[in-house]
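Below is query15.txt, holding compact mmCIF, C-alpha atoms.
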```
# COMPACT_ATOMS: atom_id res chain seq x y z
CA MET D 454 35.87 106.83 -119.30
CA ARG D 455 35.09 104.06 -116.85
CA THR D 456 35.74 104.38 -113.18
CA ASN D 457 35.57 102.03 -110.19
CA PHE D 458 34.43 104.68 -107.70
CA PRO D 459 30.73 103.72 -107.48
CA GLN D 460 31.59 100.10 -106.72
CA ARG D 461 34.10 101.14 -104.05
CA ASN D 462 31.49 103.46 -102.53
CA LYS D 463 29.00 100.63 -102.40
CA LYS D 464 31.49 98.42 -100.60
CA GLN D 465 32.30 101.18 -98.14
CA GLU D 466 28.62 101.80 -97.59
CA LEU D 467 27.99 98.13 -96.86
CA LYS D 468 30.95 98.03 -94.47
CA ARG D 469 29.65 101.11 -92.68
CA LYS D 470 26.17 99.61 -92.37
CA ILE D 471 27.62 96.40 -90.90
CA HIS D 472 29.63 98.44 -88.37
CA GLN D 473 26.53 100.38 -87.38
CA ALA D 474 24.48 97.19 -87.01
CA ILE D 475 27.21 95.63 -84.82
CA LEU D 476 27.29 98.79 -82.68
CA VAL D 477 23.53 98.66 -82.14
CA VAL D 478 23.58 94.94 -81.32
CA VAL D 479 26.42 95.52 -78.83
CA ILE D 480 24.54 98.42 -77.16
CA LEU D 481 21.27 96.46 -76.94
CA ALA D 482 23.04 93.35 -75.64
CA ALA D 483 24.91 95.42 -73.03
CA LEU D 484 21.61 96.98 -71.92
CA PHE D 485 19.94 93.59 -71.78
CA PHE D 486 22.63 92.00 -69.62
CA PHE D 487 23.87 95.01 -67.63
CA GLY D 488 20.62 97.03 -67.62
CA SER D 489 20.29 97.14 -63.85
CA PHE D 490 23.86 98.42 -63.48
CA VAL D 491 23.24 101.15 -66.07
CA ARG D 492 19.97 102.14 -64.36
CA GLY D 493 21.73 102.31 -60.99
CA LEU D 494 24.49 104.45 -62.46
CA VAL D 495 22.03 106.89 -64.08
CA GLN D 496 20.02 107.11 -60.83
CA PHE D 497 23.26 107.83 -58.96
CA ILE D 498 24.07 110.68 -61.37
CA ASN D 499 20.48 111.94 -61.24
CA ALA D 500 20.44 112.66 -57.49
CA PRO D 501 22.95 115.58 -57.48
CA ILE D 502 21.64 116.93 -60.82
CA SER D 503 18.05 117.05 -59.49
CA ALA D 504 19.22 118.69 -56.26
CA ALA D 505 21.12 121.34 -58.25
CA LYS D 506 18.10 121.90 -60.51
CA GLU D 507 15.91 122.44 -57.42
CA ILE D 508 18.32 125.03 -56.01
CA ILE D 509 18.65 126.87 -59.32
CA THR D 510 14.98 126.88 -60.40
CA ARG D 511 13.31 127.61 -57.04
CA PRO D 512 13.97 131.42 -57.07
CA PHE D 513 12.66 131.70 -60.65
CA GLY D 514 9.35 130.11 -59.66
CA THR D 515 8.45 133.18 -57.58
CA PHE D 516 10.23 135.63 -59.90
CA PHE D 517 8.07 134.81 -62.94
CA GLY D 518 4.94 135.08 -60.81
CA TYR D 519 5.35 138.88 -60.87
CA PHE D 520 4.82 138.92 -64.61
CA ALA D 521 1.31 137.46 -64.52
CA SER D 522 -1.15 139.84 -66.14
CA LYS D 523 -3.36 142.02 -63.97
CA SER D 524 -6.65 140.99 -65.58
CA GLU D 525 -5.74 137.36 -65.18
CA LEU D 526 -5.06 137.98 -61.49
CA VAL D 527 -8.39 139.78 -61.00
CA GLU D 528 -10.23 136.95 -62.74
CA ARG D 529 -8.43 134.39 -60.62
CA ASN D 530 -9.15 136.37 -57.46
CA LEU D 531 -12.88 136.40 -58.21
CA ALA D 532 -12.88 132.68 -58.90
CA LEU D 533 -10.99 132.01 -55.67
CA ASP D 534 -13.38 134.25 -53.72
CA GLY D 535 -16.34 132.20 -54.94
CA GLU D 536 -14.56 128.99 -54.19
CA ASN D 537 -13.64 130.27 -50.72
CA LYS D 538 -17.29 130.91 -49.85
CA LYS D 539 -18.23 127.43 -51.02
CA LEU D 540 -15.38 125.86 -49.07
CA LYS D 541 -16.37 127.70 -45.87
CA ILE D 542 -19.78 126.05 -46.04
CA GLU D 543 -18.23 122.67 -46.73
CA LEU D 544 -15.74 123.16 -43.91
CA LEU D 545 -18.54 123.34 -41.36
CA THR D 546 -19.70 119.89 -42.41
CA VAL D 547 -16.16 118.56 -42.51
CA GLU D 548 -15.42 119.86 -39.00
CA SER D 549 -18.37 118.02 -37.50
CA LEU D 550 -17.45 114.86 -39.41
CA ARG D 551 -13.85 115.13 -38.24
CA ARG D 552 -14.93 115.41 -34.60
CA GLU D 553 -17.18 112.40 -35.03
CA ASN D 554 -14.35 110.52 -36.76
CA ASP D 555 -11.90 111.35 -33.95
CA SER D 556 -14.30 110.20 -31.26
CA LEU D 557 -14.92 106.94 -33.16
CA LYS D 558 -11.16 106.41 -33.50
CA ASP D 559 -10.76 106.99 -29.77
CA LEU D 560 -13.42 104.40 -29.12
CA LEU D 561 -11.62 101.89 -31.33
CA ASN D 562 -8.16 102.93 -30.08
CA TYR D 563 -7.14 103.40 -33.72
CA ASN D 564 -3.90 105.17 -34.60
CA GLN D 565 -3.87 106.36 -38.19
CA GLU D 566 -0.45 108.00 -38.34
CA ASN D 567 2.39 105.56 -38.21
CA PRO D 568 5.43 107.36 -36.75
CA ASN D 569 7.68 104.92 -38.59
CA ASN D 570 6.52 106.17 -41.98
CA LEU D 571 9.40 107.62 -43.94
CA LEU D 572 9.44 111.09 -45.42
CA ALA D 573 10.88 111.23 -48.94
CA LYS D 574 11.79 114.11 -51.21
CA VAL D 575 10.56 113.87 -54.79
CA LEU D 576 13.49 114.28 -57.20
CA ASN D 577 11.63 113.89 -60.52
CA ARG D 578 7.92 114.10 -61.07
CA PRO D 579 5.48 114.41 -63.98
CA PRO D 580 5.59 116.06 -66.50
CA VAL D 581 9.37 115.52 -66.44
CA SER D 582 8.83 111.79 -66.05
CA PRO D 583 6.85 110.14 -68.85
CA TYR D 584 4.71 107.43 -67.26
CA ASP D 585 3.30 108.98 -64.06
CA THR D 586 6.31 108.01 -62.06
CA PHE D 587 8.23 109.72 -59.26
CA VAL D 588 11.88 109.38 -58.37
CA ILE D 589 12.33 109.76 -54.60
CA ASP D 590 15.49 110.20 -52.57
CA LEU D 591 15.20 107.04 -50.44
CA GLY D 592 17.33 104.11 -51.49
CA SER D 593 17.45 100.36 -50.96
CA ASP D 594 18.71 100.80 -47.37
CA LYS D 595 15.38 102.35 -46.33
CA VAL D 596 12.64 101.25 -48.71
CA ALA D 597 11.71 98.15 -50.68
CA VAL D 598 9.69 97.30 -53.77
CA ALA D 599 5.89 97.28 -53.28
CA GLN D 600 5.84 99.64 -50.27
CA GLU D 601 2.92 102.05 -50.53
CA VAL D 602 3.52 105.78 -50.98
CA PHE D 603 1.22 108.50 -49.61
CA TYR D 604 0.68 112.19 -50.19
CA GLN D 605 -1.46 113.97 -47.59
CA ASN D 606 -2.58 110.55 -46.32
CA ILE D 607 -3.87 109.63 -49.79
CA PRO D 608 -2.22 106.53 -51.22
CA ILE D 609 -0.77 107.57 -54.56
CA GLY D 610 1.33 104.64 -55.64
CA ARG D 611 3.82 101.91 -54.88
CA ILE D 612 7.59 101.64 -55.06
CA ALA D 613 8.44 99.85 -58.30
CA GLU D 614 12.23 99.86 -58.30
CA VAL D 615 14.93 100.67 -55.74
CA TYR D 616 18.52 101.75 -56.24
CA SER D 617 21.32 102.65 -53.85
CA GLY D 618 20.22 106.25 -53.28
CA SER D 619 16.85 106.54 -54.96
CA ALA D 620 13.67 104.69 -55.83
CA ILE D 621 11.04 104.85 -58.56
CA VAL D 622 7.41 105.18 -57.46
CA ARG D 623 4.73 104.06 -59.87
CA ILE D 624 1.64 106.22 -59.40
CA TYR D 625 -1.73 104.46 -59.41
CA SER D 626 -2.83 106.70 -62.27
CA SER D 627 0.04 105.38 -64.37
CA SER D 628 -1.25 103.92 -67.62
CA GLY D 629 -2.52 100.37 -67.11
CA GLU D 630 -2.57 100.43 -63.29
CA LYS D 631 -5.80 99.24 -61.66
CA ILE D 632 -7.35 100.21 -58.32
CA PHE D 633 -10.74 99.62 -56.76
CA VAL D 634 -12.83 102.61 -55.75
CA ASP D 635 -16.24 103.50 -54.34
CA ILE D 636 -18.31 106.11 -56.17
CA ASP D 637 -20.83 108.16 -54.18
CA GLU D 638 -21.21 105.34 -51.62
CA ASP D 639 -23.71 103.62 -53.94
CA LEU D 640 -21.22 101.94 -56.20
CA THR D 641 -18.58 99.94 -54.41
CA ASN D 642 -15.49 98.10 -55.60
CA ILE D 643 -15.51 99.58 -59.07
CA GLU D 644 -12.35 98.93 -61.03
CA ALA D 645 -10.65 102.15 -62.11
CA LEU D 646 -7.91 102.15 -64.71
CA GLY D 647 -5.05 104.66 -64.63
CA ILE D 648 -4.76 106.55 -67.91
CA GLY D 649 -1.86 108.88 -67.05
CA GLY D 650 -1.62 112.51 -65.97
CA GLY D 651 -3.15 111.76 -62.55
CA THR D 652 -6.40 110.67 -64.23
CA PHE D 653 -8.45 107.48 -63.92
CA ARG D 654 -11.21 105.91 -65.98
CA ALA D 655 -13.90 103.68 -64.52
CA LYS D 656 -16.39 101.73 -66.62
CA ILE D 657 -19.91 101.32 -65.23
CA PRO D 658 -23.21 100.21 -66.80
CA LYS D 659 -25.14 102.92 -68.65
CA ASP D 660 -28.30 102.48 -66.59
CA LEU D 661 -26.54 103.61 -63.40
CA ILE D 662 -26.97 107.35 -63.02
CA ILE D 663 -23.91 109.19 -61.73
CA ASP D 664 -23.53 112.96 -61.83
CA VAL D 665 -20.43 115.01 -62.48
CA GLY D 666 -19.00 115.93 -59.08
CA ALA D 667 -19.77 112.58 -57.45
CA MET D 668 -17.22 111.68 -54.77
CA VAL D 669 -14.72 108.92 -55.53
CA THR D 670 -13.16 107.26 -52.52
CA LEU D 671 -10.89 104.33 -51.83
CA PRO D 672 -12.54 101.38 -50.01
CA GLY D 673 -11.14 102.71 -46.69
CA GLY D 674 -13.05 105.95 -47.18
CA VAL D 675 -10.08 108.08 -48.28
CA LEU D 676 -11.09 110.69 -50.84
CA LEU D 677 -9.48 110.09 -54.21
CA GLY D 678 -11.24 112.71 -56.32
CA GLN D 679 -14.49 113.78 -57.94
CA VAL D 680 -16.08 112.59 -61.17
CA GLU D 681 -15.10 115.22 -63.72
CA GLY D 682 -16.49 113.75 -66.89
CA ILE D 683 -18.92 111.10 -68.10
CA GLU D 684 -18.69 109.64 -71.56
CA PRO D 685 -21.23 107.05 -72.75
CA GLU D 686 -19.91 104.52 -75.21
CA PRO D 687 -22.31 104.53 -78.19
CA SER D 688 -21.62 100.96 -79.21
CA ASP D 689 -21.56 99.53 -75.71
CA THR D 690 -23.79 99.14 -72.66
CA PHE D 691 -21.21 100.89 -70.50
CA GLN D 692 -20.24 104.48 -69.78
CA ASN D 693 -16.82 105.84 -68.87
CA LEU D 694 -16.34 107.98 -65.75
CA TYR D 695 -13.24 110.13 -65.52
CA PHE D 696 -11.77 111.41 -62.28
CA ARG D 697 -8.42 112.68 -61.07
CA TYR D 698 -6.47 113.23 -57.88
CA PRO D 699 -7.51 116.37 -55.95
CA PHE D 700 -3.95 117.72 -56.36
CA LYS D 701 -1.50 118.17 -59.20
CA LEU D 702 1.20 115.53 -59.43
CA SER D 703 3.60 118.20 -60.70
CA GLN D 704 3.33 120.11 -57.40
CA ILE D 705 4.22 117.25 -55.06
CA ASP D 706 7.54 117.85 -53.33
CA TRP D 707 7.36 115.45 -50.41
CA VAL D 708 5.70 112.07 -49.94
CA THR D 709 5.63 109.50 -47.15
CA VAL D 710 6.50 105.87 -47.58
CA GLN D 711 4.59 103.41 -45.46
CA ALA D 712 6.80 101.55 -43.03
CA ASP D 713 6.88 97.75 -43.18
CA MET W 170 27.50 119.02 -93.82
CA LYS W 171 30.52 119.68 -91.63
CA THR W 172 29.82 121.14 -88.25
CA ASN W 173 31.99 122.52 -85.54
CA ILE W 174 32.97 119.78 -83.09
CA TRP W 175 32.44 122.09 -80.09
CA TRP W 176 28.96 122.92 -81.27
CA ARG W 177 28.25 119.19 -81.53
CA VAL W 178 29.71 118.43 -78.09
CA SER W 179 27.74 121.31 -76.51
CA TYR W 180 24.54 120.17 -78.18
CA SER W 181 25.10 116.59 -77.04
CA LEU W 182 25.68 117.69 -73.45
CA PHE W 183 22.58 119.87 -73.68
CA ILE W 184 20.25 117.04 -74.79
CA ILE W 185 21.72 114.65 -72.21
CA LEU W 186 21.19 117.23 -69.46
CA CYS W 187 17.66 117.80 -70.77
CA ALA W 188 16.97 114.09 -70.24
CA PHE W 189 17.73 114.59 -66.55
CA VAL W 190 16.05 117.91 -65.82
CA ALA W 191 13.48 118.73 -68.53
CA PRO W 192 10.20 117.03 -69.42
CA TRP W 193 10.99 113.82 -71.31
CA TRP W 194 9.45 115.02 -74.59
CA ILE W 195 11.77 118.05 -74.76
CA SER W 196 14.86 115.85 -74.86
CA VAL W 197 13.21 113.59 -77.46
CA VAL W 198 12.31 116.59 -79.67
CA PHE W 199 15.83 118.08 -79.37
CA SER W 200 17.32 114.66 -80.09
CA ILE W 201 15.33 114.42 -83.33
CA LEU W 202 16.31 117.98 -84.28
CA GLY W 203 19.92 117.11 -83.52
CA LEU W 204 19.70 114.04 -85.74
CA LEU W 205 18.43 116.22 -88.57
CA TYR W 206 21.19 118.78 -88.13
CA PHE W 207 24.25 116.72 -87.22
CA GLU W 208 25.60 113.75 -89.08
CA LYS W 209 25.25 110.50 -87.11
CA LEU W 210 24.48 111.93 -83.70
CA TYR W 211 25.13 108.72 -81.76
CA GLU W 212 24.68 110.64 -78.51
CA VAL W 213 20.88 110.36 -78.84
CA MET W 214 21.26 106.75 -77.72
CA VAL W 215 22.64 108.06 -74.42
CA VAL W 216 19.51 110.24 -74.12
CA GLY W 217 17.39 107.12 -74.60
CA ILE W 218 19.38 105.20 -72.00
CA VAL W 219 19.05 108.06 -69.47
CA LEU W 220 15.28 108.36 -70.01
CA ASP W 221 14.80 104.60 -69.75
CA SER W 222 16.97 104.34 -66.66
CA LEU W 223 15.13 107.13 -64.92
CA TYR W 224 11.55 106.19 -65.77
CA GLY W 225 11.32 103.47 -68.37
CA PHE W 226 10.24 100.42 -66.42
CA ASN W 227 6.59 100.76 -67.35
CA VAL W 228 6.66 99.17 -70.78
CA GLU W 229 8.70 96.10 -71.52
CA ILE W 230 9.09 94.19 -74.78
CA PHE W 231 10.37 90.64 -74.17
CA SER W 232 11.60 91.77 -70.72
CA PHE W 233 13.65 94.52 -72.38
CA GLY W 234 12.74 97.80 -70.70
CA PHE W 235 14.84 100.23 -72.76
CA ILE W 236 12.02 101.38 -75.00
CA PHE W 237 13.18 105.00 -75.47
CA THR W 238 16.60 103.72 -76.48
CA LEU W 239 15.04 101.39 -79.01
CA PHE W 240 12.81 104.18 -80.32
CA LEU W 241 15.72 106.61 -80.70
CA ILE W 242 17.87 103.98 -82.44
CA ILE W 243 15.07 103.45 -84.99
CA VAL W 244 14.68 107.23 -85.41
CA PHE W 245 18.47 107.49 -85.73
CA TYR W 246 18.48 105.10 -88.70
CA LEU W 247 15.40 106.58 -90.32
CA ILE W 248 16.79 110.11 -90.16
CA SER W 249 20.28 108.99 -91.24
CA ASN W 250 18.77 107.45 -94.37
CA LEU W 251 16.57 110.49 -94.90
CA ARG W 252 19.58 112.78 -94.66
CA LYS W 253 21.50 110.65 -97.15
CA ASN W 254 18.62 110.65 -99.63
CA LEU W 255 18.21 114.38 -99.27
CA LEU W 256 21.98 114.76 -99.71
CA ILE W 257 22.25 116.99 -96.62
```
Could you write out this file's structure as structure tokens?
Amino acid sequence: MRTNFPQRNKKQELKRKIHQAILVVVILAALFFFGSFVRGLVQFINAPISAAKEIITRPFGTFFGYFASKSELVERNLALDGENKKLKIELLTVESLRRENDSLKDLLNYNQENPNNLLAKVLNRPPVSPYDTFVIDLGSDKVAVAQEVFYQNIPIGRIAEVYSGSAIVRIYSSSGEKIFVDIDEDLTNIEALGIGGGTFRAKIPKDLIIDVGAMVTLPGGVLLGQVEGIEPEPSDTFQNLYFRYPFKLSQIDWVTVQAD
Amino acid sequence: MKTNIWWRVSYSLFIILCAFVAPWWISVVFSILGLLYFEKLYEVMVVGIVLDSLYGFNVEIFSFGFIFTLFLIIVFYLISNLRKNLLI
């Protein structure tokens, strides 16, 4: 017995596919033309959700700390003890340098802290955000695109987009971002490429000898990190140096935005 | 496969909320799992739009910055066809 069902199904299938294609084209076109409105709307919704998340998750952060294993804590304590001794020695050097730095600043009448700098709360940070970006709670009425953002006086990025109540900060370690750094005072103005996760990669000639632990600073002298890994490129005359910020991006709660 | 509408609505709300509060990859993974379980889970496109609106300015293709949305639409079609071929 012959039946027309398969043909009808094919027609229905084709119709359904056309409907789906139209839906996708409409969505993509709407995003293309009204993208900034959609982004603004999502940012507007994000602010209260992030605030609620902060209130709800904060008590659990300390609560789960009680469940850390005892041996792990002992191990960590020993490591911290060793680090503490090392830091005490380093602190002595830092103290004398700080005094010298202060007296030099007095001589030059230099004021580092700008009282007009704005304090901003971080609403979303890595690893929640995918491309080393922060969402901060300052909107277009207070900040503008390209303003520099600091954490503990270390420049960490620039404002990339602003909305009515929030702004997106692109971290310098964001993939593809480039900054210039000095390594161990010997190598100056080396281009470092952000590779995500708060990490940078700098390419230098193989014949230059740099050790793991070498200091990486910004041209102004601000510490950016220490060289944590060196990887020679077998087929090239260069070697890759890897370094990262001296803090975890996931632990940053507050940042300052440089005033105009 | 017929699924309870409330289960679908709850799951959709869950993945959309994940896009706001959880690491980005969690919402992507749950979106893909949702696409495998539910028939035509259009809500994953909302997840893409939320992720792109919150963070997705970094990569642009022909000045179109909604890369997660594009990715999830492609995954949506791939999994829809996969489901059909597997007769789920």
Shell of 9 Å around segment 584-591 of chain D, only C-alpha atoms, local chain residues under 6 positions omitted, as a PyMOL selection string: (chain D and resi 496+500+571-578+610+615-628+649-651+702+707-708) or (chain W and resi 223-227)
What does the file look like for those residues with C-alpha atoms, as an mmCIF file, keeping the file's coordinate frame?
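To be explicit, this is the file written out as part31.cif:
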```cif
data_model
loop_
_atom_site.group_PDB
_atom_site.id
_atom_site.type_symbol
_atom_site.label_atom_id
_atom_site.label_comp_id
_atom_site.auth_asym_id
_atom_site.auth_seq_id
_atom_site.Cartn_x
_atom_site.Cartn_y
_atom_site.Cartn_z
ATOM 1 C CA GLN D 496 20.020 107.110 -60.830
ATOM 2 C CA ALA D 500 20.440 112.660 -57.490
ATOM 3 C CA LEU D 571 9.400 107.620 -43.940
ATOM 4 C CA LEU D 572 9.440 111.090 -45.420
ATOM 5 C CA ALA D 573 10.880 111.230 -48.940
ATOM 6 C CA LYS D 574 11.790 114.110 -51.210
ATOM 7 C CA VAL D 575 10.560 113.870 -54.790
ATOM 8 C CA LEU D 576 13.490 114.280 -57.200
ATOM 9 C CA ASN D 577 11.630 113.890 -60.520
ATOM 10 C CA ARG D 578 7.920 114.100 -61.070
ATOM 11 C CA GLY D 610 1.330 104.640 -55.640
ATOM 12 C CA VAL D 615 14.930 100.670 -55.740
ATOM 13 C CA TYR D 616 18.520 101.750 -56.240
ATOM 14 C CA SER D 617 21.320 102.650 -53.850
ATOM 15 C CA GLY D 618 20.220 106.250 -53.280
ATOM 16 C CA SER D 619 16.850 106.540 -54.960
ATOM 17 C CA ALA D 620 13.670 104.690 -55.830
ATOM 18 C CA ILE D 621 11.040 104.850 -58.560
ATOM 19 C CA VAL D 622 7.410 105.180 -57.460
ATOM 20 C CA ARG D 623 4.730 104.060 -59.870
ATOM 21 C CA ILE D 624 1.640 106.220 -59.400
ATOM 22 C CA TYR D 625 -1.730 104.460 -59.410
ATOM 23 C CA SER D 626 -2.830 106.700 -62.270
ATOM 24 C CA SER D 627 0.040 105.380 -64.370
ATOM 25 C CA SER D 628 -1.250 103.920 -67.620
ATOM 26 C CA GLY D 649 -1.860 108.880 -67.050
ATOM 27 C CA GLY D 650 -1.620 112.510 -65.970
ATOM 28 C CA GLY D 651 -3.150 111.760 -62.550
ATOM 29 C CA LEU D 702 1.200 115.530 -59.430
ATOM 30 C CA TRP D 707 7.360 115.450 -50.410
ATOM 31 C CA VAL D 708 5.700 112.070 -49.940
ATOM 32 C CA LEU W 223 15.130 107.130 -64.920
ATOM 33 C CA TYR W 224 11.550 106.190 -65.770
ATOM 34 C CA GLY W 225 11.320 103.470 -68.370
ATOM 35 C CA PHE W 226 10.240 100.420 -66.420
ATOM 36 C CA ASN W 227 6.590 100.760 -67.350
#
```
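Every residue of chain W that lies within 6 Å of chain D is listed here, counting all atoms listed in the file: Ala191, Pro192, Trp193 and Ser222 of chain W.
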Leaving out segment 201-218 of chain W and any residue of its chain fewer than 3 positions from it, which residues lie within 8 Å of it when counting all atoms listed in the file, given as a PDB file with C-alpha atoms, keeping the file's coordinate frame?
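And here is the file that came out, selection_7.pdb:
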```
ATOM      1  CA  MET W 170      27.500 119.020 -93.820  1.00  0.00           C
ATOM      2  CA  THR W 172      29.820 121.140 -88.250  1.00  0.00           C
ATOM      3  CA  ARG W 177      28.250 119.190 -81.530  1.00  0.00           C
ATOM      4  CA  TYR W 180      24.540 120.170 -78.180  1.00  0.00           C
ATOM      5  CA  SER W 181      25.100 116.590 -77.040  1.00  0.00           C
ATOM      6  CA  ILE W 184      20.250 117.040 -74.790  1.00  0.00           C
ATOM      7  CA  ILE W 185      21.720 114.650 -72.210  1.00  0.00           C
ATOM      8  CA  ALA W 188      16.970 114.090 -70.240  1.00  0.00           C
ATOM      9  CA  SER W 196      14.860 115.850 -74.860  1.00  0.00           C
ATOM     10  CA  VAL W 197      13.210 113.590 -77.460  1.00  0.00           C
ATOM     11  CA  VAL W 198      12.310 116.590 -79.670  1.00  0.00           C
ATOM     12  CA  ASP W 221      14.800 104.600 -69.750  1.00  0.00           C
ATOM     13  CA  SER W 222      16.970 104.340 -66.660  1.00  0.00           C
ATOM     14  CA  PHE W 235      14.840 100.230 -72.760  1.00  0.00           C
ATOM     15  CA  ILE W 236      12.020 101.380 -75.000  1.00  0.00           C
ATOM     16  CA  PHE W 237      13.180 105.000 -75.470  1.00  0.00           C
ATOM     17  CA  THR W 238      16.600 103.720 -76.480  1.00  0.00           C
ATOM     18  CA  LEU W 239      15.040 101.390 -79.010  1.00  0.00           C
ATOM     19  CA  PHE W 240      12.810 104.180 -80.320  1.00  0.00           C
ATOM     20  CA  LEU W 241      15.720 106.610 -80.700  1.00  0.00           C
ATOM     21  CA  ILE W 242      17.870 103.980 -82.440  1.00  0.00           C
ATOM     22  CA  VAL W 244      14.680 107.230 -85.410  1.00  0.00           C
ATOM     23  CA  PHE W 245      18.470 107.490 -85.730  1.00  0.00           C
ATOM     24  CA  ILE W 248      16.790 110.110 -90.160  1.00  0.00           C
ATOM     25  CA  SER W 249      20.280 108.990 -91.240  1.00  0.00           C
ATOM     26  CA  ARG W 252      19.580 112.780 -94.660  1.00  0.00           C
TER      27      ARG W 252
END
```
Would you pick out the contacts of Phe653 of chain D at 12 Å or less, using all atoms listed in the file, so that residues sharing its chain but fewer than 3 positions from it are not included, and give the list as a PyMOL selection string? chain D and resi 585+624-634+643-650+656+669+677-683+693-699
How many Å lie between atom CA of Asp555 of chain D and atom CA of Ala712 of chain D, rounded to one decimal?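 Result for atom CA of Asp555 of chain D versus atom CA of Ala712 of chain D: 23.0 Å, one decimal.
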Please compute the atom CA of Thr652 of chain D-atom CA of Val598 of chain D distance, one decimal, in Å. 23.4 Å
Between atom CA of Ile509 of chain D and atom CA of Phe199 of chain W, what is the spacing in Å?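 Atom CA of Ile509 of chain D lies at a distance of 22.1 Å from atom CA of Phe199 of chain W.
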Rebuild N, CA and C atoms on segment 683-698 of chain D, as an mmCIF file, keeping the file's coordinate frame?
```
data_model
loop_
_atom_site.group_PDB
_atom_site.id
_atom_site.type_symbol
_atom_site.label_atom_id
_atom_site.label_comp_id
_atom_site.auth_asym_id
_atom_site.auth_seq_id
_atom_site.Cartn_x
_atom_site.Cartn_y
_atom_site.Cartn_z
ATOM 1 N N ILE D 683 -18.230 112.367 -67.814
ATOM 2 C CA ILE D 683 -18.920 111.100 -68.100
ATOM 3 C C ILE D 683 -19.066 110.976 -69.603
ATOM 4 N N GLU D 684 -18.671 109.819 -70.117
ATOM 5 C CA GLU D 684 -18.690 109.640 -71.560
ATOM 6 C C GLU D 684 -19.362 108.295 -71.876
ATOM 7 N N PRO D 685 -20.591 108.330 -72.389
ATOM 8 C CA PRO D 685 -21.230 107.050 -72.750
ATOM 9 C C PRO D 685 -20.585 106.464 -74.000
ATOM 10 N N GLU D 686 -20.476 105.169 -74.017
ATOM 11 C CA GLU D 686 -19.910 104.520 -75.210
ATOM 12 C C GLU D 686 -21.067 104.141 -76.123
ATOM 13 N N PRO D 687 -21.155 104.748 -77.308
ATOM 14 C CA PRO D 687 -22.310 104.530 -78.190
ATOM 15 C C PRO D 687 -22.543 103.064 -78.557
ATOM 16 N N SER D 688 -21.467 102.338 -78.742
ATOM 17 C CA SER D 688 -21.620 100.960 -79.210
ATOM 18 C C SER D 688 -21.581 99.951 -78.071
ATOM 19 N N ASP D 689 -21.735 100.424 -76.857
ATOM 20 C CA ASP D 689 -21.560 99.530 -75.710
ATOM 21 C C ASP D 689 -22.651 99.824 -74.670
ATOM 22 N N THR D 690 -22.794 98.903 -73.707
ATOM 23 C CA THR D 690 -23.790 99.140 -72.660
ATOM 24 C C THR D 690 -23.143 99.807 -71.440
ATOM 25 N N PHE D 691 -21.926 100.255 -71.614
ATOM 26 C CA PHE D 691 -21.210 100.890 -70.500
ATOM 27 C C PHE D 691 -20.987 102.376 -70.748
ATOM 28 N N GLN D 692 -20.640 103.079 -69.660
ATOM 29 C CA GLN D 692 -20.240 104.480 -69.780
ATOM 30 C C GLN D 692 -18.922 104.652 -69.023
ATOM 31 N N ASN D 693 -18.119 105.586 -69.499
ATOM 32 C CA ASN D 693 -16.820 105.840 -68.870
ATOM 33 C C ASN D 693 -16.916 107.037 -67.935
ATOM 34 N N LEU D 694 -16.424 106.861 -66.698
ATOM 35 C CA LEU D 694 -16.340 107.980 -65.750
ATOM 36 C C LEU D 694 -14.881 108.374 -65.642
ATOM 37 N N TYR D 695 -14.618 109.664 -65.649
ATOM 38 C CA TYR D 695 -13.240 110.130 -65.520
ATOM 39 C C TYR D 695 -13.097 110.915 -64.226
ATOM 40 N N PHE D 696 -12.068 110.631 -63.480
ATOM 41 C CA PHE D 696 -11.770 111.410 -62.280
ATOM 42 C C PHE D 696 -10.264 111.509 -62.101
ATOM 43 N N ARG D 697 -9.860 112.482 -61.282
ATOM 44 C CA ARG D 697 -8.420 112.680 -61.070
ATOM 45 C C ARG D 697 -8.139 112.980 -59.613
ATOM 46 N N TYR D 698 -6.865 112.900 -59.247
ATOM 47 C CA TYR D 698 -6.470 113.230 -57.880
ATOM 48 C C TYR D 698 -6.846 114.674 -57.566
#
```
